[in-house]
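> Here you go, this is coords18.txt (compact mmCIF, C-alpha atoms).
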# COMPACT_ATOMS: atom_id res chain seq x y z
CA MET A 1 0.00 0.00 0.00
CA SER A 2 1.28 3.44 -0.90
CA ASN A 3 0.15 6.96 -0.11
CA SER A 4 2.53 8.94 -2.31
CA LYS A 5 1.08 11.65 -4.50
CA LEU A 6 1.46 10.89 -8.20
CA HIS A 7 0.89 12.64 -11.48
CA ILE A 8 -1.48 10.23 -13.26
CA LEU A 9 -2.94 10.78 -16.73
CA ASN A 10 -5.51 8.91 -18.76
CA TRP A 11 -4.23 6.78 -21.64
CA GLU A 12 -4.37 9.50 -24.28
CA GLU A 13 -2.69 11.91 -21.81
CA SER A 14 -5.40 14.56 -22.16
CA ILE A 15 -6.77 14.38 -18.60
CA ASP A 16 -4.96 14.65 -15.26
CA LEU A 17 -6.68 12.23 -12.88
CA LYS A 18 -5.55 14.33 -9.88
CA ALA A 19 -4.60 11.68 -7.37
CA GLY A 20 -4.08 13.08 -3.88
CA LYS A 21 -3.31 9.66 -2.42
CA TYR A 22 -2.49 6.60 -4.51
CA PHE A 23 -3.02 2.96 -3.57
CA LYS A 24 -2.56 -0.29 -5.46
CA PRO A 25 -4.13 -2.84 -3.09
CA THR A 26 -3.69 -6.59 -3.28
CA SER A 27 -6.53 -7.78 -1.05
CA VAL A 28 -10.15 -7.11 -0.23
CA GLU A 29 -9.13 -6.24 3.31
CA GLU A 30 -6.88 -3.47 2.00
CA LEU A 31 -9.72 -2.13 -0.13
CA MET A 32 -12.01 -2.05 2.90
CA GLU A 33 -9.41 -0.19 4.95
CA ILE A 34 -8.80 2.37 2.17
CA VAL A 35 -12.49 3.28 2.09
CA LYS A 36 -13.01 3.16 5.88
CA ASN A 37 -10.00 5.28 6.74
CA LYS A 38 -11.21 8.90 6.64
CA GLU A 39 -7.60 10.07 6.51
CA ASN A 40 -7.80 8.97 2.89
CA PRO A 41 -9.57 11.98 1.36
CA SER A 42 -12.75 11.81 -0.69
CA PRO A 43 -13.56 11.08 -3.38
CA VAL A 44 -12.26 7.53 -3.57
CA ARG A 45 -12.04 6.63 -7.26
CA ALA A 46 -11.15 3.17 -8.55
CA SER A 47 -9.28 2.87 -11.84
CA GLY A 48 -8.19 0.26 -14.36
CA SER A 49 -6.41 0.98 -17.64
CA ARG A 50 -7.54 4.62 -17.80
CA HIS A 51 -8.93 4.45 -21.35
CA SER A 52 -11.92 6.71 -20.64
CA THR A 53 -11.85 9.94 -22.62
CA THR A 54 -13.81 11.99 -20.04
CA LYS A 55 -13.17 13.09 -16.45
CA CYS A 56 -15.29 10.28 -15.02
CA GLY A 57 -12.28 8.81 -13.19
CA VAL A 58 -10.76 12.03 -11.86
CA ALA A 59 -10.03 11.86 -8.11
CA ASP A 60 -10.03 15.64 -7.45
CA GLU A 61 -7.01 15.37 -5.11
CA GLY A 62 -8.79 12.55 -3.31
CA THR A 63 -7.86 8.86 -3.16
CA PHE A 64 -6.95 7.03 -6.36
CA VAL A 65 -7.22 3.22 -6.20
CA ASP A 66 -5.40 1.28 -8.92
CA MET A 67 -7.22 -2.07 -9.20
CA ARG A 68 -4.85 -3.89 -11.52
CA ASN A 69 -3.58 -6.31 -8.84
CA PHE A 70 -7.07 -7.82 -8.81
CA ASN A 71 -6.40 -9.66 -12.05
CA LYS A 72 -7.52 -13.27 -11.68
CA VAL A 73 -10.24 -15.33 -13.33
CA LYS A 74 -11.67 -17.11 -10.31
CA LYS A 75 -14.32 -19.50 -11.62
CA ILE A 76 -15.74 -20.73 -14.93
CA THR A 77 -18.98 -22.69 -15.13
CA GLU A 78 -21.01 -23.86 -18.11
CA ASP A 79 -22.59 -20.45 -18.58
CA THR A 80 -20.85 -17.98 -16.20
CA VAL A 81 -17.42 -16.60 -15.41
CA THR A 82 -16.35 -14.90 -12.18
CA ILE A 83 -13.44 -12.46 -12.48
CA GLU A 84 -11.65 -9.98 -10.25
CA GLY A 85 -12.33 -6.32 -10.96
CA GLY A 86 -8.88 -5.33 -12.22
CA CYS A 87 -8.46 -8.15 -14.72
CA LEU A 88 -8.20 -7.08 -18.36
CA LEU A 89 -11.10 -8.23 -20.52
CA ILE A 90 -8.69 -9.58 -23.16
CA ASP A 91 -6.89 -11.72 -20.56
CA ALA A 92 -10.16 -13.17 -19.33
CA ALA A 93 -11.27 -13.79 -22.94
CA LYS A 94 -8.09 -15.77 -23.68
CA ILE A 95 -8.67 -17.99 -20.65
CA LEU A 96 -12.29 -18.54 -21.68
CA GLU A 97 -11.18 -19.43 -25.19
CA GLU A 98 -9.00 -22.23 -23.80
CA LYS A 99 -12.17 -23.62 -22.18
CA GLY A 100 -14.21 -23.31 -25.38
CA LYS A 101 -16.14 -20.30 -24.04
CA GLN A 102 -16.53 -16.61 -24.89
CA PHE A 103 -18.16 -13.42 -23.67
CA PHE A 104 -21.37 -12.32 -25.36
CA VAL A 105 -19.77 -8.91 -26.00
CA ASN A 106 -16.17 -8.73 -27.22
CA VAL A 107 -15.22 -5.07 -27.38
CA GLU A 108 -12.28 -3.86 -29.43
CA ILE A 109 -10.48 -2.23 -26.49
CA GLY A 110 -9.34 -5.39 -24.75
CA ASN A 111 -7.64 -3.33 -22.03
CA ILE A 112 -10.93 -2.51 -20.36
CA THR A 113 -10.91 -3.90 -16.82
CA ILE A 114 -13.75 -5.99 -15.45
CA GLY A 115 -14.86 -3.40 -12.91
CA SER A 116 -15.33 -0.93 -15.75
CA ALA A 117 -17.04 -3.54 -17.91
CA ALA A 118 -19.52 -4.16 -15.10
CA THR A 119 -20.42 -0.58 -14.22
CA CYS A 120 -19.51 1.73 -17.12
CA GLY A 121 -20.67 2.30 -20.68
CA THR A 122 -19.31 -0.10 -23.31
CA LYS A 123 -20.34 -1.03 -26.82
CA ASP A 124 -20.04 -3.47 -29.65
CA ALA A 125 -22.38 -4.16 -32.53
CA SER A 126 -25.17 -6.40 -31.27
CA PHE A 127 -25.67 -9.87 -32.67
CA ASP A 128 -29.12 -11.24 -33.41
CA GLY A 129 -31.00 -11.69 -30.15
CA GLU A 130 -28.14 -10.30 -28.05
CA PHE A 131 -27.14 -7.04 -26.39
CA GLY A 132 -24.15 -4.86 -27.22
CA GLN A 133 -23.11 -3.76 -23.72
CA LEU A 134 -20.92 -5.84 -21.41
CA GLY A 135 -22.76 -4.76 -18.27
CA SER A 136 -26.00 -6.19 -19.64
CA TYR A 137 -24.57 -9.67 -18.97
CA LEU A 138 -23.47 -8.86 -15.41
CA ILE A 139 -25.35 -11.16 -13.01
CA GLU A 140 -23.44 -10.59 -9.77
CA ALA A 141 -21.04 -7.99 -8.40
CA LYS A 142 -19.16 -7.80 -5.12
CA LEU A 143 -18.16 -4.33 -4.06
CA ILE A 144 -16.82 -2.30 -1.16
CA ASN A 145 -19.54 0.19 -0.29
CA ALA A 146 -19.25 3.63 1.29
CA LYS A 147 -19.08 2.12 4.79
CA GLY A 148 -16.06 0.07 3.79
CA GLU A 149 -18.12 -3.11 3.91
CA ILE A 150 -18.66 -5.88 1.37
CA GLU A 151 -21.98 -5.65 -0.45
CA ILE A 152 -23.24 -8.13 -3.04
CA PHE A 153 -25.54 -7.29 -5.94
CA ASP A 154 -27.24 -10.09 -7.85
CA GLU A 155 -29.82 -10.06 -10.64
CA ASN A 156 -32.65 -9.71 -8.12
CA HIS A 157 -31.13 -6.74 -6.32
CA PRO A 158 -33.43 -3.71 -6.74
CA LYS A 159 -30.46 -1.47 -7.63
CA MET A 160 -28.77 -3.84 -10.07
CA GLN A 161 -29.91 -1.85 -13.12
CA SER A 162 -28.40 1.29 -11.63
CA LEU A 163 -25.21 -0.49 -10.57
CA ARG A 164 -24.58 -1.39 -14.21
CA SER A 165 -24.42 2.38 -14.89
CA SER A 166 -22.86 3.50 -11.61
CA TYR A 167 -19.33 4.38 -12.77
CA GLY A 168 -17.87 3.63 -9.34
CA LEU A 169 -20.37 5.88 -7.53
CA PHE A 170 -21.87 2.98 -5.53
CA GLY A 171 -18.52 1.53 -4.49
CA ILE A 172 -15.45 -0.34 -5.71
CA VAL A 173 -16.32 -3.53 -7.62
CA TYR A 174 -13.62 -6.09 -6.84
CA GLU A 175 -15.34 -9.16 -8.32
CA ALA A 176 -17.95 -9.65 -11.04
CA THR A 177 -19.79 -12.56 -12.62
CA PHE A 178 -20.93 -12.46 -16.25
CA ARG A 179 -22.96 -14.77 -18.43
CA ILE A 180 -20.89 -16.48 -21.14
CA LYS A 181 -21.57 -18.92 -23.96
CA ASN A 182 -19.86 -21.60 -26.02
CA ILE A 183 -17.40 -20.19 -28.50
CA GLN A 184 -18.76 -20.01 -32.05
CA CYS A 185 -17.46 -19.52 -35.56
CA LEU A 186 -17.90 -15.94 -36.71
CA ARG A 187 -18.45 -15.01 -40.35
CA VAL A 188 -17.29 -11.58 -41.45
CA PHE A 189 -17.29 -9.59 -44.69
CA HIS A 190 -17.32 -5.92 -45.73
CA LYS A 191 -19.13 -3.94 -48.38
CA THR A 192 -18.76 -0.28 -49.37
CA TYR A 193 -21.72 1.95 -50.24
CA THR A 194 -22.09 5.54 -51.29
CA LEU A 195 -24.15 7.66 -48.92
CA GLU A 196 -27.13 7.50 -51.28
CA GLN A 197 -26.83 3.73 -51.64
CA PHE A 198 -26.79 3.40 -47.85
CA VAL A 199 -29.97 5.46 -47.59
CA GLU A 200 -31.60 3.09 -50.08
CA ILE A 201 -30.56 -0.13 -48.33
CA HIS A 202 -31.23 1.11 -44.81
CA PRO A 203 -34.74 -0.45 -44.66
CA GLU A 204 -33.11 -3.81 -45.42
CA LEU A 205 -30.55 -3.28 -42.66
CA LEU A 206 -33.39 -2.76 -40.18
CA LYS A 207 -34.48 -6.33 -40.91
CA ALA A 208 -30.99 -7.81 -41.15
CA LYS A 209 -29.84 -10.35 -38.60
CA GLU A 210 -26.15 -9.63 -39.02
CA SER A 211 -24.18 -7.67 -36.49
CA ILE A 212 -23.30 -4.35 -38.14
CA MET A 213 -20.26 -2.19 -37.53
CA TYR A 214 -19.24 0.45 -40.07
CA TYR A 215 -16.57 2.90 -41.17
CA LEU A 216 -17.68 6.40 -42.16
CA PHE A 217 -15.91 8.59 -44.72
CA PRO A 218 -17.62 12.02 -44.57
CA PHE A 219 -15.35 13.68 -47.12
CA GLN A 220 -15.83 10.90 -49.66
CA ASP A 221 -19.55 10.32 -49.00
CA LYS A 222 -18.99 6.62 -48.40
CA ILE A 223 -19.65 4.02 -45.74
CA THR A 224 -18.08 0.58 -45.46
CA ILE A 225 -20.19 -1.87 -43.47
CA GLU A 226 -18.74 -4.81 -41.58
CA PHE A 227 -21.29 -7.64 -41.49
CA ARG A 228 -20.81 -10.30 -38.82
CA SER A 229 -22.87 -13.34 -37.94
CA TYR A 230 -22.39 -16.53 -35.94
CA SER A 231 -22.64 -20.00 -37.41
CA ASP A 232 -23.48 -23.19 -35.53
CA LYS A 233 -20.02 -24.57 -36.24
CA LYS A 234 -17.54 -25.07 -33.44
CA PRO A 235 -14.16 -23.46 -34.12
CA ASN A 236 -11.41 -25.86 -35.09
CA LYS A 237 -7.97 -25.70 -36.69
CA SER A 238 -9.45 -23.91 -39.69
CA VAL A 239 -10.19 -20.78 -37.63
CA SER A 240 -8.59 -17.77 -39.28
CA LYS A 241 -6.55 -15.76 -36.80
CA ARG A 242 -4.80 -13.63 -39.39
CA LYS A 243 -7.85 -11.67 -40.52
CA TRP A 244 -8.45 -9.93 -37.21
CA LYS A 245 -4.71 -9.60 -36.59
CA MET A 246 -4.42 -7.60 -39.79
CA ARG A 247 -7.44 -5.43 -38.90
CA ASN A 248 -6.14 -4.92 -35.38
CA LEU A 249 -2.68 -3.96 -36.62
CA PHE A 250 -4.27 -1.11 -38.58
CA TRP A 251 -6.26 0.06 -35.56
CA LYS A 252 -3.50 -0.39 -33.02
CA LYS A 253 -0.52 1.03 -34.92
CA ILE A 254 -0.71 1.86 -38.60
CA ALA A 255 -3.76 4.15 -38.82
CA PRO A 256 -3.01 6.20 -35.67
CA ALA A 257 0.66 6.59 -36.55
CA TYR A 258 -0.19 7.58 -40.12
CA GLY A 259 -2.74 10.14 -38.94
CA TYR A 260 -0.30 11.52 -36.38
CA PHE A 261 2.54 12.06 -38.86
CA VAL A 262 0.32 13.53 -41.58
CA THR A 263 -1.32 15.92 -39.11
CA LYS A 264 1.91 16.93 -37.41
CA TYR A 265 4.35 17.13 -40.31
CA ILE A 266 2.30 17.97 -43.42
CA PRO A 267 1.43 21.69 -43.25
CA PHE A 268 -0.53 21.84 -46.52
CA PRO A 269 -4.29 21.22 -46.12
CA ASN A 270 -4.84 20.00 -49.70
CA LEU A 271 -1.97 17.55 -49.42
CA GLN A 272 -3.27 16.37 -46.05
CA THR A 273 -6.67 15.73 -47.58
CA PHE A 274 -5.12 13.80 -50.47
CA LEU A 275 -3.10 11.64 -48.07
CA TYR A 276 -6.09 10.96 -45.80
CA ASN A 277 -8.33 10.05 -48.75
CA SER A 278 -5.67 7.82 -50.31
CA PHE A 279 -5.19 5.98 -47.04
CA ASN A 280 -8.95 5.56 -46.60
CA SER A 281 -9.29 4.21 -50.15
CA LEU A 282 -6.60 1.65 -49.38
CA LEU A 283 -8.36 0.72 -46.16
CA ARG A 284 -11.69 0.16 -47.94
CA PHE A 285 -9.96 -2.07 -50.47
CA LEU A 286 -8.33 -4.17 -47.74
CA LEU A 287 -11.52 -4.46 -45.72
CA CYS A 288 -13.61 -5.59 -48.68
CA ASN A 289 -11.02 -7.92 -50.23
CA VAL A 290 -8.90 -9.19 -47.35
CA ILE A 291 -10.86 -9.06 -44.08
CA VAL A 292 -13.28 -11.74 -45.23
CA SER A 293 -13.74 -15.12 -43.59
CA ASN A 294 -16.31 -17.80 -42.84
CA CYS A 295 -14.54 -18.93 -39.69
CA THR A 296 -13.04 -16.48 -37.22
CA ILE A 297 -13.80 -16.06 -33.52
CA ALA A 298 -15.13 -12.94 -31.82
CA PRO A 299 -12.47 -12.65 -29.06
CA ASP A 300 -9.85 -12.08 -31.77
CA GLN A 301 -11.43 -8.67 -32.39
CA MET A 302 -9.98 -7.45 -29.09
CA ILE A 303 -6.81 -5.36 -29.13
CA ARG A 304 -4.23 -5.21 -26.36
CA TYR A 305 -3.06 -1.62 -26.41
CA PRO A 306 0.28 -0.62 -24.86
CA GLU A 307 0.14 0.91 -21.39
CA LYS A 308 1.75 4.09 -22.75
CA LYS A 309 0.21 5.71 -25.79
CA GLY A 310 3.22 6.57 -28.01
CA VAL A 311 2.63 7.92 -31.53
CA SER A 312 -0.03 5.28 -32.12
CA LYS A 313 -2.50 6.63 -29.56
CA TYR A 314 -5.93 7.71 -30.64
CA THR A 315 -9.06 9.07 -29.05
CA PHE A 316 -12.73 9.14 -29.92
CA SER A 317 -16.21 10.21 -28.91
CA ILE A 318 -19.48 8.29 -29.02
CA TRP A 319 -23.10 9.33 -29.51
CA ALA A 320 -26.02 7.05 -30.36
CA PHE A 321 -29.11 7.90 -32.45
CA PRO A 322 -32.43 6.16 -33.13
CA GLU A 323 -31.85 3.56 -35.83
CA LYS A 324 -34.95 4.54 -37.79
CA ILE A 325 -33.69 8.08 -38.45
CA PHE A 326 -30.01 7.24 -38.93
CA PRO A 327 -29.88 7.91 -42.70
CA GLU A 328 -30.96 11.48 -41.99
CA ILE A 329 -28.44 11.72 -39.15
CA LEU A 330 -25.65 10.38 -41.33
CA ARG A 331 -26.38 12.83 -44.13
CA ASP A 332 -26.38 15.69 -41.60
CA TYR A 333 -23.18 14.42 -40.00
CA PHE A 334 -21.32 14.34 -43.30
CA ASP A 335 -22.49 17.90 -43.97
CA PHE A 336 -21.48 18.92 -40.44
CA CYS A 337 -17.94 17.59 -40.92
CA LYS A 338 -17.55 19.43 -44.23
CA LYS A 339 -18.96 22.67 -42.85
CA HIS A 340 -16.75 22.50 -39.75
CA TYR A 341 -13.68 21.94 -41.92
CA LYS A 342 -14.60 24.87 -44.15
CA GLU A 343 -15.08 27.17 -41.16
CA THR A 344 -12.16 26.05 -38.98
CA GLY A 345 -9.75 24.11 -41.17
CA TYR A 346 -10.09 21.07 -38.88
CA LYS A 347 -11.10 17.55 -39.83
CA THR A 348 -10.66 14.31 -37.92
CA ASP A 349 -7.42 12.67 -38.99
CA LEU A 350 -8.54 9.10 -38.36
CA LEU A 351 -11.57 7.06 -39.29
CA ASN A 352 -15.12 7.72 -38.23
CA VAL A 353 -16.83 4.52 -37.13
CA GLY A 354 -20.17 3.36 -35.80
CA TYR A 355 -22.13 0.42 -34.42
CA ARG A 356 -25.68 -0.85 -34.40
CA ILE A 357 -26.74 -1.69 -30.82
CA ALA A 358 -29.99 -3.43 -29.89
CA LYS A 359 -32.56 -1.99 -27.52
CA ASP A 360 -31.31 -2.71 -24.03
CA GLN A 361 -32.76 -1.69 -20.65
CA ASN A 362 -30.37 -3.65 -18.45
CA PRO A 363 -28.18 -0.61 -17.56
CA LEU A 364 -30.08 2.45 -16.34
CA PHE A 365 -28.12 4.81 -18.58
CA SER A 366 -28.17 2.52 -21.60
CA TYR A 367 -27.88 4.62 -24.75
CA SER A 368 -30.26 2.16 -26.43
CA TYR A 369 -32.79 2.13 -23.57
CA GLU A 370 -35.73 3.26 -25.70
CA GLU A 371 -34.91 1.59 -29.03
CA THR A 372 -32.22 0.11 -31.23
CA VAL A 373 -29.60 2.72 -32.08
CA MET A 374 -26.77 3.38 -34.49
CA THR A 375 -23.75 5.43 -33.46
CA ALA A 376 -21.55 7.97 -35.20
CA ASP A 377 -18.13 8.03 -33.58
CA PRO A 378 -15.42 10.43 -34.75
CA VAL A 379 -11.88 9.20 -34.12
CA SER A 380 -8.74 11.32 -33.96
CA THR A 381 -5.13 11.53 -32.83
CA GLY A 382 -6.35 14.34 -30.59
CA GLU A 383 -4.22 17.08 -32.13
CA LYS A 384 -5.11 20.78 -32.13
CA GLY A 385 -8.73 21.41 -33.08
CA TRP A 386 -10.10 18.11 -31.76
CA ASP A 387 -11.67 19.47 -28.58
CA GLU A 388 -13.35 22.34 -30.41
CA PHE A 389 -14.69 19.87 -32.95
CA LEU A 390 -16.17 17.72 -30.16
CA LYS A 391 -17.89 20.65 -28.47
CA ALA A 392 -19.57 21.52 -31.76
CA TYR A 393 -20.36 17.84 -32.37
CA ASN A 394 -22.04 17.54 -28.95
CA GLU A 395 -24.44 20.31 -29.85
CA PHE A 396 -25.07 18.69 -33.22
CA CYS A 397 -25.92 15.41 -31.48
CA ILE A 398 -28.22 16.68 -28.76
CA GLN A 399 -30.28 18.54 -31.37
CA ARG A 400 -30.90 15.17 -33.07
CA LYS A 401 -31.97 13.06 -30.07
CA GLY A 402 -28.45 11.78 -29.51
CA ILE A 403 -27.53 9.83 -26.37
CA PRO A 404 -23.94 10.01 -25.02
CA MET A 405 -21.78 7.87 -22.72
CA PHE A 406 -20.38 9.36 -19.51
CA ASN A 407 -16.98 7.74 -20.05
CA GLN A 408 -16.63 8.02 -23.84
CA SER A 409 -18.36 11.26 -24.88
CA LYS A 410 -16.00 14.10 -24.04
CA TRP A 411 -17.06 17.63 -23.04
CA LEU A 412 -20.46 16.73 -21.69
CA ASN A 413 -22.21 19.31 -19.55
CA ARG A 414 -25.24 19.39 -17.30
CA ASP A 415 -27.59 20.65 -20.00
CA LEU A 416 -26.60 17.94 -22.50
CA VAL A 417 -26.91 15.17 -19.92
CA HIS A 418 -30.33 16.23 -18.63
CA LYS A 419 -31.68 16.62 -22.16
CA ALA A 420 -30.42 13.16 -23.10
CA PHE A 421 -31.49 11.19 -19.99
CA GLY A 422 -34.30 13.22 -18.46
CA LEU A 423 -35.77 11.86 -15.23
CA LYS A 424 -33.27 8.99 -15.06
CA ILE A 425 -30.76 11.52 -13.71
CA LYS A 426 -33.04 12.40 -10.80
CA ASP A 427 -33.77 8.73 -10.03
CA PHE A 428 -30.09 7.80 -10.11
CA TRP A 429 -29.11 10.77 -7.93
CA LYS A 430 -31.56 9.62 -5.27
CA LEU A 431 -30.19 6.06 -5.35
CA ARG A 432 -26.61 7.29 -5.26
CA LYS A 433 -27.37 9.37 -2.18
CA GLU A 434 -28.85 6.31 -0.45
CA MET A 435 -25.75 4.29 -1.26
CA ASP A 436 -23.25 7.03 -0.42
CA PRO A 437 -24.78 9.80 1.73
CA GLU A 438 -21.38 11.24 2.69
CA GLU A 439 -20.22 11.38 -0.95
CA ARG A 440 -17.28 9.06 -0.41
CA PHE A 441 -17.14 8.15 -4.12
CA LEU A 442 -18.61 11.26 -5.76
CA ASN A 443 -16.21 13.36 -7.83
CA ASN A 444 -16.83 16.81 -9.28
CA TYR A 445 -17.43 15.46 -12.79
CA PHE A 446 -20.57 13.58 -11.81
CA ARG A 447 -21.62 16.18 -9.23
CA GLU A 448 -21.67 18.84 -11.92
CA LEU A 449 -23.56 16.60 -14.36
CA PHE A 450 -26.12 15.16 -11.93
CA SER A 451 -26.62 17.28 -8.82
CA PRO A 452 -30.02 19.04 -8.60
CA ASP A 453 -28.54 21.70 -6.29
CA LEU A 454 -26.28 23.42 -8.81
Could I get this structure in the form of structure tokens?


Amino acid sequence: MSNSKLHILNWEESIDLKAGKYFKPTSVEELMEIVKNKENPSPVRASGSRHSTTKCGVADEGTFVDMRNFNKVKKITEDTVTIEGGCLLIDAAKILEEKGKQFFVNVEIGNITIGSAATCGTKDASFDGEFGQLGSYLIEAKLINAKGEIEIFDENHPKMQSLRSSYGLFGIVYEATFRIKNIQCLRVFHKTYTLEQFVEIHPELLKAKESIMYYLFPFQDKITIEFRSYSDKKPNKSVSKRKWKMRNLFWKKIAPAYGYFVTKYIPFPNLQTFLYNSFNSLLRFLLCNVIVSNCTIAPDQMIRYPEKKGVSKYTFSIWAFPEKIFPEILRDYFDFCKKHYKETGYKTDLLNVGYRIAKDQNPLFSYSYEETVMTADPVSTGEKGWDEFLKAYNEFCIQRKGIPMFNQSKWLNRDLVHKAFGLKIKDFWKLRKEMDPEERFLNNYFRELFSPDL
């Protein structure tokens, strides 16, 4: 246990997490003592890999708890897995794979820790009959509450829905149990459409049973859709590992590094645009002609990012929109990107992506609580102009019934949050106060977004 003050940043190094005291506990007893001991200043904020792009994990000179020593998979049954809160999702997925099992949701950022997966916003394109958020498959959580005591939430707990969206405000989750399933063969292929073609096929997509993720190219008026579906086959030696490895190499290293060097070292806007468009054309070709397989596995989509960002770091923001109006949203978004570039000279230097996520009321702050949604997610190296772009994008989104994520939609404010979630904010605030009346876990970020007294 340590109490030295450290300078701790999130992964993209855009946010100082402001740790007053720092601890990296190794036992539940240590966790209990950290919370109980009032010499450890509030708020007490638990952390994993620090991949959130917002200030949700900031400790405000309070107590910062690094959970990464809690990294074990404790139990695997036929349809559940129990994991410690600081374990990386990708590490747990590899162990499950050895047992012929997999998570229902296999998010690209494999570095997410289990505590975050259980209580924070996540996303992946939903498969037929399934959800797209990891927390929706949480069936039990053990946490240290504001009294420094162990509290257990199961599926029948009246606050379980809120816990799945609690972002550490109910306590520190040190162990979580998720539903899992037998590992399955995953078919994948890509197809590119013009914006107008996408508008035409959208009614068919509403009926489609494939999982849909997509790449958006606002300055070329194109969209490349990744179609995924499970087969009844069990994976064997014919499983293709190379397809996702190639895709992941682009996401993890090549695309971010390319965007970084073009943005930083090419001072001519027209040349930058040519280089971006050329790279995107190459990417579309590779997706449609190389990343195609009848037998991959979903856990291979996960990427293990380095602990330090380097030149290959990237950042993003996420907003979700009603699926039925997404063609209109997409047309407006492409126009928004072009207009913003014309007015400011800034455009995102990496891909824009998106996901289709099924209606899901398991987490209280589910962005697909009311209906199935599709997202539009700008991605960037985070260079000059990015934050201003996001502030303008937030206003664009809220005007079109967009729903954000507290950990992945940067520059949220009270007005945006209350417009997006309405009375859920009031209900959650009441529950949070019951769980933590002395505000042991409440930081300024959530106080400013939620509190009715401001």

> A:Phe217, A:Lys264, A:Gln184, A:Ile303: which is nearest Ser281 (chain A), counting only C-alpha atoms?

A:Phe217

> Could you please give me, as a VMD selection string, the residues of protein, DNA or RNA lying at most 12 Å from (-5.4, -17.3, -19.2) in the coordinate frame of the file, considering all atoms listed in the file?

chain A and resid 71 to 76 83 87 to 99

> Do you have the CA of Arg400 (chain A)-CA of Tyr367 (chain A) distance handy?

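A separation of 13.8 Å between them.
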
> Counting all atoms listed in the file, which of A:Val417, A:Cys56, A:Leu31, A:Lys384 gets nearest to Ser166 (chain A)?

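That would be A:Cys56, the residue with the smallest distance to Ser166 (chain A).
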
> Tell me, in Å to one decimal, how far CA of Arg187 (chain A) is from CA of Gly354 (chain A).

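Computing it gives 19.0 Å between the two atoms.
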
> Restricting the calculation to all atoms listed in the file, which member of A:Trp244, A:Asn182, A:Ile266, A:Pro218 is positioned closest to Lys101 (chain A)?

A:Asn182

> Up to 12 Å from (-8.7, -3.4, -29.7) in the file's coordinates: name the residues, counting only C-alpha atoms, as a PyMOL selection string.

chain A and resi 51+88-90+106-112+124+244-253+298-306+313-314

> If the box runs along x, y and z of the file and leaves 3 Å on each side of region 235-249 of chain A, what are its centre and edge lengths in Å, one decimal, as lines of an AutoDock Vina configuration file?


center_x = -8.4
center_y = -14.9
center_z = -37.3
size_x = 17.5
size_y = 27.9
size_z = 12.4

> Residues near Leu423 (chain A), anyone? I mean within 12 Å using all atoms listed in the file, not counting same-chain ones fewer than 6 positions away, as a list in words.

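Near neighbours after the sequence-gap exclusion: Leu364, Phe365, Val417, Trp429, Lys430, Phe450 and Pro452 of chain A.
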
> So that I can check the surroundings of Val262 (chain A), please list as a short mmCIF file (atom, residue, chain, number, x, y, z; two decimals) with C-alpha atoms, in the frame of the given file every protein, DNA and RNA residue that reaches within 9 Å of it, counting all atoms listed in the file and ignoring chain neighbours fewer than 2 positions away.


data_model
loop_
_atom_site.label_atom_id
_atom_site.label_comp_id
_atom_site.auth_asym_id
_atom_site.auth_seq_id
_atom_site.Cartn_x
_atom_site.Cartn_y
_atom_site.Cartn_z
CA ALA A 257 0.66 6.59 -36.55
CA TYR A 258 -0.19 7.58 -40.12
CA GLY A 259 -2.74 10.14 -38.94
CA TYR A 260 -0.30 11.52 -36.38
CA LYS A 264 1.91 16.93 -37.41
CA TYR A 265 4.35 17.13 -40.31
CA ILE A 266 2.30 17.97 -43.42
CA PRO A 267 1.43 21.69 -43.25
CA GLN A 272 -3.27 16.37 -46.05
CA LEU A 275 -3.10 11.64 -48.07
CA TYR A 276 -6.09 10.96 -45.80
CA ASP A 349 -7.42 12.67 -38.99
#

> Rounded to one decimal place, report the CA of Ser366 (chain A)-CA of Ala125 (chain A) distance in Å.

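Value for the CA of Ser366 (chain A)-CA of Ala125 (chain A) distance: 14.1 Å.
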
> So which one's closest to Phe285 (chain A), A:His157, A:His418, A:Arg447, A:His190? Using all atoms listed in the file, please.

A:His190

> Skipping near chain neighbours, those fewer than 4 positions away, what residues fall within 12 Å of Thr192 (chain A) using only C-alpha atoms, listed as number ranges by chain?

A: 196-198, 201, 214-217, 220-227, 280-281, 283-289

> Residues of region 162-262 of chain A that approach region 438-444 of chain A to 7 Å or less, counting all atoms listed in the file: could you list each one with the shortest pair of atoms and its distance in Å to one decimal, rows by chain and increasing residue number, as CSV?


residue,atom,partner,partner_atom,distance
A:Gly168,CA,A:Phe441,CA,6.9
A:Leu169,CA,A:Phe441,CA,5.2
A:Gly171,CA,A:Phe441,CA,6.8

> Any chance you can output those residues with C-alpha atoms as an mmCIF file, keeping the file's coordinate frame?


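Output (again-v2.cif):
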data_model
loop_
_atom_site.group_PDB
_atom_site.id
_atom_site.type_symbol
_atom_site.label_atom_id
_atom_site.label_comp_id
_atom_site.auth_asym_id
_atom_site.auth_seq_id
_atom_site.Cartn_x
_atom_site.Cartn_y
_atom_site.Cartn_z
ATOM 1 C CA GLY A 168 -17.870 3.630 -9.340
ATOM 2 C CA LEU A 169 -20.370 5.880 -7.530
ATOM 3 C CA GLY A 171 -18.520 1.530 -4.490
#

> Find the residues near Glu371 (chain A): any atom within 7 Å, counting only C-alpha atoms, skip ones fewer than 2 places away on the same chain, and give them as a ChimeraX atom specification.

/A:322,359,368-369,373

> Now that the selection is made, can you save its residues with C-alpha atoms as an mmCIF file, in the frame of the given file?


data_model
loop_
_atom_site.group_PDB
_atom_site.id
_atom_site.type_symbol
_atom_site.label_atom_id
_atom_site.label_comp_id
_atom_site.auth_asym_id
_atom_site.auth_seq_id
_atom_site.Cartn_x
_atom_site.Cartn_y
_atom_site.Cartn_z
ATOM 1 C CA PRO A 322 -32.430 6.160 -33.130
ATOM 2 C CA LYS A 359 -32.560 -1.990 -27.520
ATOM 3 C CA SER A 368 -30.260 2.160 -26.430
ATOM 4 C CA TYR A 369 -32.790 2.130 -23.570
ATOM 5 C CA VAL A 373 -29.600 2.720 -32.080
#
